[in-house]
file run.cif (mmCIF, C-alpha atoms and all ligand atoms)
data_input
loop_
_atom_site.label_atom_id
_atom_site.label_comp_id
_atom_site.auth_asym_id
_atom_site.auth_seq_id
_atom_site.Cartn_x
_atom_site.Cartn_y
_atom_site.Cartn_z
CA MET A 31 33.14 -15.49 -41.05
CA ASP A 32 31.42 -14.51 -44.26
CA LEU A 33 33.84 -11.72 -45.22
CA ALA A 34 37.09 -13.13 -43.82
CA GLY A 35 40.05 -11.77 -45.78
CA LYS A 36 37.99 -9.20 -47.67
CA HIS A 37 39.06 -5.58 -47.83
CA ILE A 38 36.17 -3.18 -48.33
CA VAL A 39 36.50 0.50 -49.14
CA LEU A 40 33.40 2.10 -47.61
CA GLY A 41 32.60 5.50 -49.09
CA LEU A 42 30.20 7.90 -47.41
CA SER A 43 28.59 10.76 -49.29
CA GLY A 44 26.40 13.36 -47.59
CA GLY A 45 23.07 12.37 -46.08
CA VAL A 46 21.30 11.71 -42.80
CA ALA A 47 21.74 7.98 -43.47
CA CYS A 48 25.45 8.42 -42.62
CA TYR A 49 24.52 7.28 -39.11
CA LYS A 50 23.66 3.87 -40.57
CA ALA A 51 27.14 3.69 -42.12
CA ALA A 52 28.55 3.56 -38.59
CA GLU A 53 26.59 0.40 -37.89
CA LEU A 54 27.48 -1.02 -41.29
CA THR A 55 31.17 -0.54 -40.54
CA ARG A 56 30.82 -2.58 -37.34
CA ALA A 57 28.83 -5.25 -39.12
CA LEU A 58 31.43 -5.54 -41.91
CA ALA A 59 34.24 -5.80 -39.37
CA LYS A 60 32.31 -8.40 -37.37
CA ALA A 61 31.88 -10.42 -40.57
CA GLY A 62 35.68 -10.50 -40.90
CA ALA A 63 36.32 -7.66 -43.38
CA THR A 64 38.85 -4.87 -43.05
CA VAL A 65 37.15 -1.56 -43.73
CA GLN A 66 38.80 1.54 -45.16
CA VAL A 67 36.47 4.51 -44.80
CA VAL A 68 36.56 7.38 -47.27
CA MET A 69 34.23 10.36 -46.74
CA THR A 70 33.18 13.32 -48.82
CA GLU A 71 33.17 16.79 -47.28
CA ALA A 72 29.37 16.63 -47.12
CA ALA A 73 29.44 13.28 -45.31
CA ALA A 74 31.65 14.82 -42.62
CA GLN A 75 28.80 17.28 -41.92
CA PHE A 76 26.62 14.34 -40.87
CA ILE A 77 29.05 12.07 -38.99
CA THR A 78 32.60 12.78 -37.89
CA PRO A 79 35.62 11.02 -39.36
CA VAL A 80 36.66 10.41 -35.73
CA THR A 81 33.64 8.16 -35.19
CA MET A 82 34.26 6.29 -38.43
CA GLN A 83 37.96 5.92 -37.58
CA ALA A 84 37.14 4.48 -34.16
CA LEU A 85 34.70 1.97 -35.66
CA SER A 86 36.88 0.92 -38.59
CA GLY A 87 40.15 0.98 -36.66
CA ARG A 88 41.85 2.80 -39.55
CA PRO A 89 42.54 6.43 -40.39
CA VAL A 90 39.69 7.85 -42.46
CA HIS A 91 40.45 9.57 -45.75
CA THR A 92 38.56 12.71 -46.72
CA SER A 93 40.88 14.57 -49.05
CA GLN A 94 42.66 14.00 -52.29
CA TRP A 95 45.50 16.12 -50.95
CA ASP A 96 46.18 14.08 -47.81
CA ALA A 97 49.83 14.48 -46.81
CA ARG A 98 49.74 10.99 -45.22
CA ILE A 99 49.95 9.47 -48.67
CA ALA A 100 53.46 10.29 -49.83
CA ASN A 101 52.81 10.28 -53.57
CA ASN A 102 49.47 12.14 -53.33
CA MET A 103 47.87 9.19 -55.12
CA ALA A 104 45.20 8.30 -52.56
CA HIS A 105 42.70 7.59 -55.32
CA ILE A 106 45.04 4.90 -56.70
CA ASP A 107 46.55 3.55 -53.48
CA LEU A 108 43.22 3.08 -51.72
CA THR A 109 41.67 1.02 -54.49
CA ARG A 110 44.40 -1.39 -55.54
CA ASP A 111 43.92 -3.90 -52.72
CA ALA A 112 40.13 -3.42 -52.42
CA ASP A 113 37.88 -6.44 -52.92
CA ALA A 114 34.87 -4.13 -53.26
CA ILE A 115 33.97 -0.46 -52.99
CA VAL A 116 30.67 0.28 -51.29
CA ILE A 117 29.11 3.74 -51.30
CA ALA A 118 26.67 3.97 -48.40
CA PRO A 119 24.97 6.36 -48.28
CA CYS A 120 25.04 7.38 -51.92
CA SER A 121 23.46 10.84 -52.25
CA THR A 122 21.60 12.18 -55.29
CA ASP A 123 24.63 14.28 -56.11
CA PHE A 124 27.05 11.38 -55.78
CA LEU A 125 24.89 9.25 -58.05
CA PHE A 126 25.14 12.05 -60.62
CA LYS A 127 28.93 12.04 -60.25
CA LEU A 128 29.11 8.27 -60.73
CA ALA A 129 26.88 8.44 -63.81
CA HIS A 130 29.15 11.08 -65.35
CA GLY A 131 32.56 9.86 -64.22
CA ALA A 132 33.19 13.03 -62.22
CA CYS A 133 36.51 13.32 -60.37
CA ASP A 134 36.20 16.38 -58.19
CA ASP A 135 36.90 14.85 -54.78
CA LEU A 136 38.72 11.82 -53.40
CA LEU A 137 35.71 9.48 -53.28
CA SER A 138 34.46 10.15 -56.81
CA THR A 139 38.01 10.00 -58.17
CA LEU A 140 38.76 6.65 -56.59
CA CYS A 141 35.51 5.23 -58.00
CA VAL A 142 36.66 6.18 -61.49
CA ALA A 143 40.23 5.05 -60.80
CA ARG A 144 39.28 1.62 -59.45
CA PRO A 145 40.57 -1.38 -61.39
CA ALA A 146 37.89 -2.95 -63.61
CA HIS A 147 37.74 -6.12 -61.51
CA VAL A 148 36.83 -4.27 -58.30
CA PRO A 149 33.04 -4.24 -57.94
CA LEU A 150 31.32 -0.98 -57.02
CA LEU A 151 28.13 -1.23 -54.97
CA VAL A 152 26.03 1.80 -54.14
CA ALA A 153 23.26 2.23 -51.57
CA PRO A 154 21.17 5.27 -52.50
CA ALA A 155 19.71 7.39 -49.70
CA MET A 156 17.56 10.36 -50.56
CA ASN A 157 14.16 12.00 -50.33
CA VAL A 158 11.39 10.29 -52.32
CA GLU A 159 10.98 13.19 -54.77
CA MET A 160 14.72 13.36 -55.34
CA TRP A 161 14.73 9.63 -56.05
CA LEU A 162 11.77 9.86 -58.45
CA ASN A 163 13.15 12.88 -60.27
CA PRO A 164 13.72 11.98 -63.93
CA ALA A 165 17.30 13.25 -63.78
CA THR A 166 18.06 10.89 -60.86
CA GLN A 167 16.39 8.00 -62.66
CA ARG A 168 18.51 8.72 -65.74
CA ASN A 169 21.61 8.53 -63.53
CA VAL A 170 20.37 5.28 -61.94
CA ALA A 171 19.90 3.73 -65.39
CA GLN A 172 23.36 4.90 -66.42
CA VAL A 173 25.21 3.53 -63.37
CA ARG A 174 23.36 0.21 -63.76
CA ALA A 175 24.35 0.08 -67.42
CA ASP A 176 27.95 0.72 -66.34
CA GLY A 177 27.85 -2.44 -64.19
CA ILE A 178 27.56 -0.69 -60.84
CA GLN A 179 25.40 -2.70 -58.45
CA MET A 180 22.52 -0.88 -56.77
CA LEU A 181 21.69 -1.94 -53.22
CA GLY A 182 18.13 -0.72 -52.68
CA PRO A 183 16.81 1.83 -51.97
CA ASP A 184 13.94 0.83 -49.76
CA ALA A 185 10.53 2.42 -49.34
CA GLY A 186 9.33 3.78 -46.02
CA GLU A 187 9.41 6.70 -43.63
CA GLN A 188 12.15 9.20 -44.36
CA ALA A 189 14.22 11.50 -42.16
CA CYS A 190 12.49 14.52 -43.75
CA GLY A 191 9.11 13.24 -42.57
CA GLU A 192 7.89 12.16 -46.01
CA THR A 193 7.22 8.56 -46.97
CA GLY A 194 8.27 6.65 -50.07
CA MET A 195 11.13 5.24 -52.07
CA GLY A 196 14.63 6.44 -51.27
CA ARG A 197 15.42 5.17 -47.77
CA MET A 198 18.81 3.54 -47.49
CA LEU A 199 18.65 -0.19 -46.79
CA GLU A 200 19.25 -1.14 -43.17
CA PRO A 201 22.85 -2.07 -42.30
CA GLU A 202 22.09 -5.78 -41.85
CA HIS A 203 20.42 -5.87 -45.26
CA LEU A 204 23.39 -4.08 -46.84
CA LEU A 205 25.72 -6.58 -45.16
CA ALA A 206 23.73 -9.51 -46.58
CA ASP A 207 23.87 -8.02 -50.09
CA ILE A 208 27.60 -7.29 -49.81
CA ILE A 209 28.24 -10.90 -48.74
CA ALA A 210 26.02 -12.08 -51.60
CA SER A 211 28.01 -10.01 -54.09
CA PHE A 212 31.03 -12.24 -53.44
CA GLN A 213 29.18 -15.47 -54.18
CA PRO A 214 29.30 -16.97 -57.69
CA LYS A 215 26.00 -16.47 -59.56
CA THR A 216 25.56 -20.14 -60.36
CA LEU A 217 21.75 -19.99 -60.27
CA ALA A 218 21.26 -16.63 -62.02
CA GLY A 219 17.80 -16.37 -63.52
CA LYS A 220 16.60 -19.60 -61.87
CA HIS A 221 13.55 -19.91 -59.62
CA VAL A 222 14.10 -21.97 -56.50
CA LEU A 223 11.45 -23.27 -54.11
CA VAL A 224 12.61 -24.36 -50.64
CA THR A 225 10.68 -25.94 -47.76
CA ALA A 226 12.08 -25.47 -44.27
CA GLY A 227 11.41 -25.92 -40.59
CA PRO A 228 9.08 -28.32 -38.85
CA THR A 229 5.37 -28.67 -39.46
CA PHE A 230 2.84 -28.51 -36.63
CA GLU A 231 -0.11 -30.88 -36.59
CA PRO A 232 -2.85 -29.68 -34.23
CA ILE A 233 -4.44 -32.00 -31.67
CA ASP A 234 -6.78 -29.29 -30.43
CA PRO A 235 -6.67 -25.45 -30.51
CA VAL A 236 -3.76 -25.27 -28.05
CA ARG A 237 -1.81 -28.51 -28.56
CA GLY A 238 -0.09 -30.19 -31.43
CA ILE A 239 2.59 -32.54 -32.69
CA THR A 240 5.79 -31.12 -34.08
CA ASN A 241 9.52 -31.90 -34.14
CA LEU A 242 12.87 -30.37 -33.24
CA SER A 243 13.70 -28.85 -36.62
CA SER A 244 14.87 -25.24 -36.14
CA GLY A 245 14.70 -24.38 -39.84
CA LYS A 246 18.36 -23.24 -39.84
CA MET A 247 19.50 -25.53 -42.66
CA GLY A 248 16.53 -24.71 -44.90
CA TYR A 249 16.91 -20.98 -44.31
CA ALA A 250 20.65 -21.24 -45.04
CA VAL A 251 19.83 -23.03 -48.31
CA ALA A 252 17.28 -20.33 -49.25
CA ARG A 253 19.82 -17.61 -48.50
CA ALA A 254 22.56 -19.39 -50.47
CA ALA A 255 20.23 -19.76 -53.47
CA TYR A 256 19.46 -16.02 -53.34
CA GLU A 257 23.18 -15.25 -53.09
CA ALA A 258 23.70 -17.41 -56.18
CA GLY A 259 21.35 -15.14 -58.13
CA ALA A 260 18.11 -17.13 -57.91
CA GLU A 261 14.62 -15.87 -57.14
CA VAL A 262 13.75 -17.80 -54.03
CA THR A 263 10.44 -18.76 -52.42
CA LEU A 264 10.69 -20.24 -48.95
CA VAL A 265 7.73 -22.21 -47.62
CA SER A 266 8.32 -22.36 -43.92
CA GLY A 267 6.79 -24.14 -40.97
CA PRO A 268 6.87 -22.37 -37.59
CA THR A 269 10.41 -21.13 -36.77
CA ALA A 270 11.98 -18.32 -34.79
CA LEU A 271 14.24 -17.28 -37.67
CA ASP A 272 14.37 -14.03 -39.63
CA THR A 273 13.55 -14.27 -43.33
CA PRO A 274 16.78 -14.11 -45.37
CA PHE A 275 16.97 -10.81 -47.27
CA GLY A 276 15.68 -11.02 -50.81
CA VAL A 277 13.74 -14.24 -50.18
CA GLN A 278 9.95 -14.45 -50.42
CA ARG A 279 8.65 -16.38 -47.43
CA ILE A 280 5.26 -18.07 -47.10
CA ASN A 281 4.37 -19.27 -43.62
CA VAL A 282 2.48 -22.50 -43.10
CA GLN A 283 1.70 -24.62 -40.09
CA THR A 284 0.65 -28.09 -41.18
CA ALA A 285 2.02 -30.57 -43.70
CA GLU A 286 -1.22 -30.24 -45.69
CA GLN A 287 -0.80 -26.46 -45.92
CA MET A 288 2.85 -26.91 -46.95
CA HIS A 289 1.79 -29.40 -49.60
CA ASP A 290 -0.91 -27.07 -50.96
CA VAL A 291 1.39 -24.04 -51.15
CA VAL A 292 4.18 -26.06 -52.79
CA MET A 293 1.90 -27.68 -55.36
CA SER A 294 0.26 -24.37 -56.29
CA ARG A 295 3.64 -22.71 -56.93
CA VAL A 296 6.04 -25.40 -58.03
CA ALA A 297 5.29 -25.11 -61.75
CA ALA A 298 7.04 -21.75 -61.89
CA HIS A 299 10.26 -23.16 -60.38
CA ASP A 300 13.42 -24.74 -61.78
CA VAL A 301 14.61 -26.25 -58.51
CA PHE A 302 12.75 -27.71 -55.51
CA ILE A 303 14.76 -28.27 -52.33
CA ALA A 304 12.80 -30.06 -49.60
CA VAL A 305 14.60 -29.34 -46.36
CA ALA A 306 11.51 -29.27 -44.12
CA ALA A 307 11.06 -31.92 -41.46
CA VAL A 308 7.49 -32.66 -42.48
CA ALA A 309 5.33 -34.52 -39.97
CA ASP A 310 4.55 -37.96 -41.32
CA TRP A 311 1.13 -38.04 -39.66
CA ARG A 312 -1.70 -35.68 -38.80
CA VAL A 313 -4.35 -36.16 -36.14
CA ARG A 314 -7.55 -37.48 -37.67
CA ASN A 315 -9.77 -36.81 -34.65
CA ARG A 316 -8.54 -33.27 -34.02
CA ALA A 317 -10.74 -31.56 -31.41
CA SER A 318 -12.28 -28.18 -32.16
CA GLN A 319 -12.20 -27.25 -28.46
CA LYS A 320 -9.44 -27.79 -25.94
CA ILE A 321 -9.49 -31.40 -24.77
CA LYS A 322 -10.22 -31.59 -21.04
CA LYS A 323 -9.14 -34.31 -18.66
CA THR A 324 -12.21 -35.96 -17.25
CA ASP A 325 -12.63 -38.67 -14.68
CA GLU A 326 -13.71 -41.01 -17.45
CA GLN A 327 -10.87 -40.18 -19.84
CA ARG A 328 -7.45 -39.07 -18.59
CA THR A 329 -5.59 -39.53 -21.90
CA PRO A 330 -7.04 -38.76 -25.32
CA ALA A 331 -7.18 -41.57 -27.85
CA LEU A 332 -5.50 -39.99 -30.87
CA GLU A 333 -5.93 -41.41 -34.34
CA PHE A 334 -3.69 -40.55 -37.27
CA ASP A 335 -3.75 -40.15 -41.03
CA GLU A 336 -0.60 -40.27 -43.10
CA ASN A 337 0.48 -36.96 -44.64
CA VAL A 338 1.25 -36.71 -48.33
CA ASP A 339 4.94 -36.91 -49.17
CA ILE A 340 5.44 -33.45 -50.69
CA LEU A 341 8.82 -34.22 -52.23
CA ALA A 342 7.63 -37.43 -53.82
CA ALA A 343 4.53 -35.62 -55.15
CA VAL A 344 6.69 -32.95 -56.80
CA ALA A 345 9.09 -35.56 -58.17
CA ALA A 346 6.12 -37.37 -59.73
CA LEU A 347 4.99 -34.32 -61.71
CA GLU A 348 5.26 -34.56 -65.46
CA LYS A 349 6.90 -31.15 -65.69
CA LYS A 350 9.08 -31.24 -62.62
CA PRO A 351 11.87 -29.07 -61.29
CA TYR A 352 15.27 -30.44 -60.26
CA CYS A 353 14.36 -32.09 -56.94
CA VAL A 354 16.62 -32.26 -53.91
CA GLY A 355 15.66 -34.11 -50.72
CA PHE A 356 17.12 -34.14 -47.24
CA ALA A 357 17.31 -37.08 -44.89
CA ALA A 358 18.23 -37.28 -41.24
CA GLU A 359 19.00 -40.88 -40.34
CA SER A 360 20.10 -42.13 -36.96
CA GLU A 361 21.86 -45.20 -38.40
CA ASN A 362 22.93 -46.80 -41.71
CA LEU A 363 23.01 -43.42 -43.44
CA VAL A 364 24.59 -44.75 -46.63
CA SER A 365 22.14 -47.58 -47.32
CA TYR A 366 19.06 -45.68 -46.06
CA GLY A 367 20.08 -42.53 -47.95
CA GLU A 368 20.50 -44.29 -51.26
CA ALA A 369 17.25 -46.24 -50.78
CA LYS A 370 15.33 -43.05 -49.94
CA ARG A 371 16.68 -41.28 -53.02
CA ARG A 372 15.53 -44.09 -55.28
CA LYS A 373 12.15 -44.42 -53.56
CA LYS A 374 11.45 -40.72 -54.07
CA ASN A 375 12.91 -40.85 -57.60
CA ILE A 376 15.05 -37.73 -57.17
CA PRO A 377 18.48 -36.94 -58.65
CA LEU A 378 20.01 -35.68 -55.40
CA LEU A 379 19.47 -36.49 -51.75
CA VAL A 380 21.39 -34.80 -48.94
CA GLY A 381 22.03 -36.89 -45.85
CA ASN A 382 22.68 -35.31 -42.48
CA ILE A 383 25.29 -37.34 -40.64
CA GLY A 384 23.66 -38.21 -37.36
CA HIS A 385 20.36 -36.78 -36.19
CA GLN A 386 21.98 -34.33 -33.74
CA THR A 387 21.87 -31.56 -36.34
CA PHE A 388 18.53 -30.09 -35.18
CA GLY A 389 19.04 -26.55 -33.90
CA GLN A 390 22.83 -26.65 -34.32
CA ASP A 391 24.88 -24.23 -36.44
CA GLN A 392 27.30 -26.93 -37.60
CA ASN A 393 26.42 -29.83 -39.83
CA GLU A 394 27.92 -32.70 -41.81
CA LEU A 395 26.38 -33.61 -45.13
CA VAL A 396 26.68 -36.47 -47.59
CA LEU A 397 25.43 -36.13 -51.16
CA PHE A 398 23.72 -39.12 -52.78
CA ASP A 399 23.36 -39.14 -56.53
CA ASP A 400 23.67 -41.52 -59.48
CA ASN A 401 27.42 -41.72 -58.91
CA GLY A 402 27.16 -42.92 -55.32
CA HIS A 403 27.73 -40.88 -52.19
CA THR A 404 30.13 -38.00 -51.51
CA PRO A 405 30.68 -36.41 -48.10
CA LEU A 406 31.12 -32.62 -47.94
CA PRO A 407 33.70 -31.32 -45.46
CA PRO A 408 31.97 -30.56 -42.12
CA GLY A 409 31.19 -26.89 -41.58
CA ASP A 410 28.64 -24.32 -40.53
CA LYS A 411 25.24 -24.61 -42.16
CA GLN A 412 25.64 -21.44 -44.27
CA THR A 413 28.95 -22.60 -45.76
CA LEU A 414 27.51 -26.05 -46.45
CA ALA A 415 24.39 -24.51 -47.99
CA ARG A 416 26.58 -22.49 -50.39
CA GLN A 417 28.50 -25.62 -51.36
CA LEU A 418 25.27 -27.50 -51.87
CA ILE A 419 23.90 -24.78 -54.16
CA GLY A 420 27.12 -25.00 -56.20
CA GLU A 421 26.73 -28.78 -56.43
CA ILE A 422 23.08 -28.45 -57.52
CA ALA A 423 24.00 -25.87 -60.19
CA GLN A 424 26.74 -28.15 -61.56
CA ARG A 425 24.42 -31.15 -61.74
CA MET A 426 21.69 -29.13 -63.45
CA ALA A 427 24.19 -27.82 -65.99
CA ARG A 428 25.22 -31.40 -66.81
CA GLY A 429 21.60 -32.32 -67.61
CA TRP A 430 19.47 -34.63 -65.51
CA LEU A 431 15.98 -34.86 -67.01
CA ASN A 432 16.63 -37.94 -69.13
CA ALA A 433 17.52 -40.00 -66.09
CA TYR A 434 14.38 -38.94 -64.19
CA PRO A 435 11.51 -39.08 -66.67
N1 LIG B 1 9.29 -34.94 -47.09
C1 LIG B 1 8.24 -34.30 -47.69
N2 LIG B 1 6.95 -34.56 -47.29
C2 LIG B 1 6.71 -35.46 -46.33
C3 LIG B 1 7.78 -36.14 -45.72
C4 LIG B 1 9.07 -35.85 -46.12
O1 LIG B 1 8.44 -33.45 -48.58
N3 LIG B 1 5.47 -35.68 -45.97
C5 LIG B 1 10.64 -34.68 -47.56
C6 LIG B 1 11.53 -33.99 -46.56
O2 LIG B 1 11.45 -32.58 -46.69
C7 LIG B 1 12.92 -34.53 -46.92
C8 LIG B 1 12.65 -35.90 -47.44
O3 LIG B 1 11.27 -35.90 -47.81
O4 LIG B 1 13.47 -33.82 -47.99
C9 LIG B 1 12.95 -37.03 -46.51
O5 LIG B 1 12.07 -37.04 -45.47
P1 LIG B 1 12.03 -38.25 -44.40
O6 LIG B 1 10.99 -37.89 -43.41
O7 LIG B 1 13.39 -38.51 -43.88
O8 LIG B 1 11.66 -39.46 -45.30
P2 LIG B 1 10.57 -40.50 -45.17
O9 LIG B 1 10.33 -40.92 -46.55
O10 LIG B 1 9.41 -39.97 -44.39
O11 LIG B 1 11.28 -41.68 -44.38
P3 LIG B 1 11.39 -42.07 -42.84
O12 LIG B 1 10.62 -41.07 -42.04
O13 LIG B 1 10.85 -43.42 -42.80
O14 LIG B 1 12.85 -42.05 -42.53
#
call {"tool": "encode", "arguments": {"input": "run.cif", "output": "C-alpha cells"}}
result
Amino acid sequence: MDLAGKHIVLGLSGGVACYKAAELTRALAKAGATVQVVMTEAAAQFITPVTMQALSGRPVHTSQWDARIANNMAHIDLTRDADAIVIAPCSTDFLFKLAHGACDDLLSTLCVARPAHVPLLVAPAMNVEMWLNPATQRNVAQVRADGIQMLGPDAGEQACGETGMGRMLEPEHLLADIIASFQPKTLAGKHVLVTAGPTFEPIDPVRGITNLSSGKMGYAVARAAYEAGAEVTLVSGPTALDTPFGVQRINVQTAEQMHDVVMSRVAAHDVFIAVAAVADWRVRNRASQKIKKTDEQRTPALEFDENVDILAAVAALEKKPYCVGFAAESENLVSYGEAKRRKKNIPLLVGNIGHQTFGQDQNELVLFDDNGHTPLPPGDKQTLARQLIGEIAQRMARGWLNAYP
C-alpha cells in the first residue's frame, strides 16, 4: 500500500468541493494512511463532521477550544505525528490566511504551528474569477515561495455554472500527488521518455499481430519517474490502462509509429526507458480490405518485414539520453540479458525473471550493468518501478557517457 504507515492531517475549508474530500478520505485510508480530519466552521456548512468522522474512523476536530484535548493545544498535538498536512478544499479565504500566517481558527493555527519538516499541500477550489483575482494570485505566489505545495487547481466546469480555472483536482488525482510527495525527487528537472505496452501490426483493417503486454510495467515506470520529479512523456501502444497523472501520453499502434514518435522527441530527453514489447515484424503484404476466405485460398500467405529496433536506434544517436532496456527471457536470463545489453550498447538493461510477467501486478527484476547483474527484491510493479528509477538516478549521477560513446 502506497501510504502504509503515513499519518495525514486532512484539513477542509469551506467550499462545495468538500464533497470530494469525503472520497479523498476513503482513498487515503485505502492506500494505507491514517487520516485525521480537521474542519473550519465554513467547511462544516458544506459537509458534516459526522460524515467525515465515519469515513476517517476518527473524531473530527473543528475547534481550537475542544475540551477533548486536555491541554487545549490541539494545534500542537494534531501536527506533531503528522507525515503531511493536506488542505482540500483550500478556499480563497484560507489561501489568504496561509499566505499571511493567520491563526484565527484551529486549521489555520495548526498550519502555522506545524513542525518545519511536515509538508503542507493545498488543493485550491474556487470560482474562476476568484482564482484569477490578482489578490488571490499574490497569495498563491506567496504560499509557493513559502514552500507550500500546490495541488492543482484544474480547469473545467464549476459548481457555480461558470467554466475555467479553479476546480479542485479529483480525489484520485489528489491521492496520486500526495503519494508522489513522499517519493524522493531523484529525477527533478529531468525529461524522461518511456515506451510501454504492446504494438499492433495490422494484417488487414480488422486483424493484426500483437502480444500479451498489458503495459503495466511501463506505466508504473512512467508514474515513478513523474513521482521522482521528472517531466515524463509516455509513448504507448494499445492498452486498457489510465494515463498516470502528470504524464503526457502519446498513443501509437504500430512499431513504426512508435519509432517515429520516439525519434522525433528523444532529443529533448535525458533518459529513455524502453519498456514496450515492440513487435519484431510487420506484415509486408497488409491488405487494405478485410481478407476473405475463398475456395481457392483458405489461409492468407503473410510476408513480413523486420521492424526497426527503437532502443538500439536511440542508443546509436550521437547525442543520446541515458538508455534503459527491458528484456523478457524464457531461459538463460543472465547470459541472454548481458548479451542483449551489449548488443544494444546501453548502460542498463532490466531483465524480467520468467516471461509470466505479462498482465501481472507482481514482478521480479534483475539489473544488468557494467558491474554484472543484481536482482531486486520481488515486489509489485509500482514498488519495483520506484526502485528502478532510484537506480537509474544513481547511475546517471555517477556519470556514464564516457563508457557509451
Ligand atoms: N525494443 C525496441 N524496438 C524493437 C524491439 C525491441 O525498442 N523493435 C526494445 C524493447 O522495448 C526492450 C528491448 O528492446 O527494451 C528488448 O527487446 P527484445 O524484444 O527482448 O529484444 P530483441 O533484441 O528483439 O531480442 P529477442 O526478441 O531475440 O529476444
call {"tool": "closest_residue", "arguments": {"input": "run.cif", "among": "A:Gly182, A:Pro330, A:Pro228, A:Gly238", "to": "ligand LIG 1 (chain B)", "atoms": "only C-alpha atoms and all ligand atoms"}}
result
A:Pro228
call {"tool": "closest_atom_pairs", "arguments": {"input": "run.cif", "of": "region 76-129 of chain A", "to": "region 190-207 of chain A", "cutoff": "12 Å", "atoms": "all atoms listed in the file", "output": "Markdown table"}}
result
| residue | atom | partner | partner_atom | distance |
| --- | --- | --- | --- | --- |
| A:Val116 | CA | A:Leu204 | CA | 9.6 |
| A:Ile117 | CA | A:Leu204 | CA | 10.7 |
| A:Ala118 | CA | A:Met198 | CA | 7.9 |
| A:Pro119 | CA | A:Met198 | CA | 6.8 |
| A:Cys120 | CA | A:Met198 | CA | 8.6 |
| A:Ser121 | CA | A:Met198 | CA | 9.9 |
| A:Thr122 | CA | A:Gly196 | CA | 9.9 |
call {"tool": "residues_near_ligand", "arguments": {"input": "run.cif", "ligand": "ligand LIG 1 (chain B)", "cutoff": "10 Å", "atoms": "only C-alpha atoms and all ligand atoms", "output": "mmCIF file with C-alpha atoms, keeping the file's coordinate frame"}}
result
data_model
loop_
_atom_site.group_PDB
_atom_site.id
_atom_site.type_symbol
_atom_site.label_atom_id
_atom_site.label_comp_id
_atom_site.auth_asym_id
_atom_site.auth_seq_id
_atom_site.Cartn_x
_atom_site.Cartn_y
_atom_site.Cartn_z
ATOM 1 C CA VAL A 224 12.610 -24.360 -50.640
ATOM 2 C CA THR A 225 10.680 -25.940 -47.760
ATOM 3 C CA ALA A 226 12.080 -25.470 -44.270
ATOM 4 C CA GLY A 227 11.410 -25.920 -40.590
ATOM 5 C CA PRO A 228 9.080 -28.320 -38.850
ATOM 6 C CA THR A 229 5.370 -28.670 -39.460
ATOM 7 C CA GLY A 248 16.530 -24.710 -44.900
ATOM 8 C CA ALA A 285 2.020 -30.570 -43.700
ATOM 9 C CA GLU A 286 -1.220 -30.240 -45.690
ATOM 10 C CA MET A 288 2.850 -26.910 -46.950
ATOM 11 C CA HIS A 289 1.790 -29.400 -49.600
ATOM 12 C CA VAL A 292 4.180 -26.060 -52.790
ATOM 13 C CA PHE A 302 12.750 -27.710 -55.510
ATOM 14 C CA ILE A 303 14.760 -28.270 -52.330
ATOM 15 C CA ALA A 304 12.800 -30.060 -49.600
ATOM 16 C CA VAL A 305 14.600 -29.340 -46.360
ATOM 17 C CA ALA A 306 11.510 -29.270 -44.120
ATOM 18 C CA ALA A 307 11.060 -31.920 -41.460
ATOM 19 C CA VAL A 308 7.490 -32.660 -42.480
ATOM 20 C CA ALA A 309 5.330 -34.520 -39.970
ATOM 21 C CA ASP A 310 4.550 -37.960 -41.320
ATOM 22 C CA TRP A 311 1.130 -38.040 -39.660
ATOM 23 C CA GLU A 336 -0.600 -40.270 -43.100
ATOM 24 C CA ASN A 337 0.480 -36.960 -44.640
ATOM 25 C CA VAL A 338 1.250 -36.710 -48.330
ATOM 26 C CA ASP A 339 4.940 -36.910 -49.170
ATOM 27 C CA ILE A 340 5.440 -33.450 -50.690
ATOM 28 C CA LEU A 341 8.820 -34.220 -52.230
ATOM 29 C CA ALA A 342 7.630 -37.430 -53.820
ATOM 30 C CA ALA A 343 4.530 -35.620 -55.150
ATOM 31 C CA VAL A 344 6.690 -32.950 -56.800
ATOM 32 C CA ALA A 345 9.090 -35.560 -58.170
ATOM 33 C CA CYS A 353 14.360 -32.090 -56.940
ATOM 34 C CA VAL A 354 16.620 -32.260 -53.910
ATOM 35 C CA GLY A 355 15.660 -34.110 -50.720
ATOM 36 C CA PHE A 356 17.120 -34.140 -47.240
ATOM 37 C CA ALA A 357 17.310 -37.080 -44.890
ATOM 38 C CA ALA A 358 18.230 -37.280 -41.240
ATOM 39 C CA GLU A 359 19.000 -40.880 -40.340
ATOM 40 C CA SER A 360 20.100 -42.130 -36.960
ATOM 41 C CA TYR A 366 19.060 -45.680 -46.060
ATOM 42 C CA GLY A 367 20.080 -42.530 -47.950
ATOM 43 C CA ALA A 369 17.250 -46.240 -50.780
ATOM 44 C CA LYS A 370 15.330 -43.050 -49.940
ATOM 45 C CA ARG A 371 16.680 -41.280 -53.020
ATOM 46 C CA LYS A 373 12.150 -44.420 -53.560
ATOM 47 C CA LYS A 374 11.450 -40.720 -54.070
ATOM 48 C CA LEU A 379 19.470 -36.490 -51.750
ATOM 49 C CA VAL A 380 21.390 -34.800 -48.940
ATOM 50 C CA GLY A 381 22.030 -36.890 -45.850
ATOM 51 C CA ASN A 382 22.680 -35.310 -42.480
#
call {"tool": "atom_distance", "arguments": {"input": "run.cif", "atom1": "CA of Met69 (chain A)", "atom2": "CA of Thr92 (chain A)"}}
result
4.9 Å
call {"tool": "closest_residue", "arguments": {"input": "run.cif", "among": "A:Val80, A:Gln213, A:Leu40, A:Glu71", "to": "Val152 (chain A)", "atoms": "only C-alpha atoms"}}
result
A:Leu40
call {"tool": "atom_distance", "arguments": {"input": "run.cif", "atom1": "CA of His91 (chain A)", "atom2": "CA of Ile38 (chain A)"}}
result
13.7 Å
call {"tool": "atom_distance", "arguments": {"input": "run.cif", "atom1": "CA of Val301 (chain A)", "atom2": "CA of Leu223 (chain A)"}}
result
6.2 Å
call {"tool": "residues_around", "arguments": {"input": "run.cif", "residues": "region 165-173 of chain A", "least_positions_apart": "3", "cutoff": "8 Å", "atoms": "all atoms listed in the file", "output": "ChimeraX atom specification"}}
result
/A:122,125-126,128-129,160-162,176-179
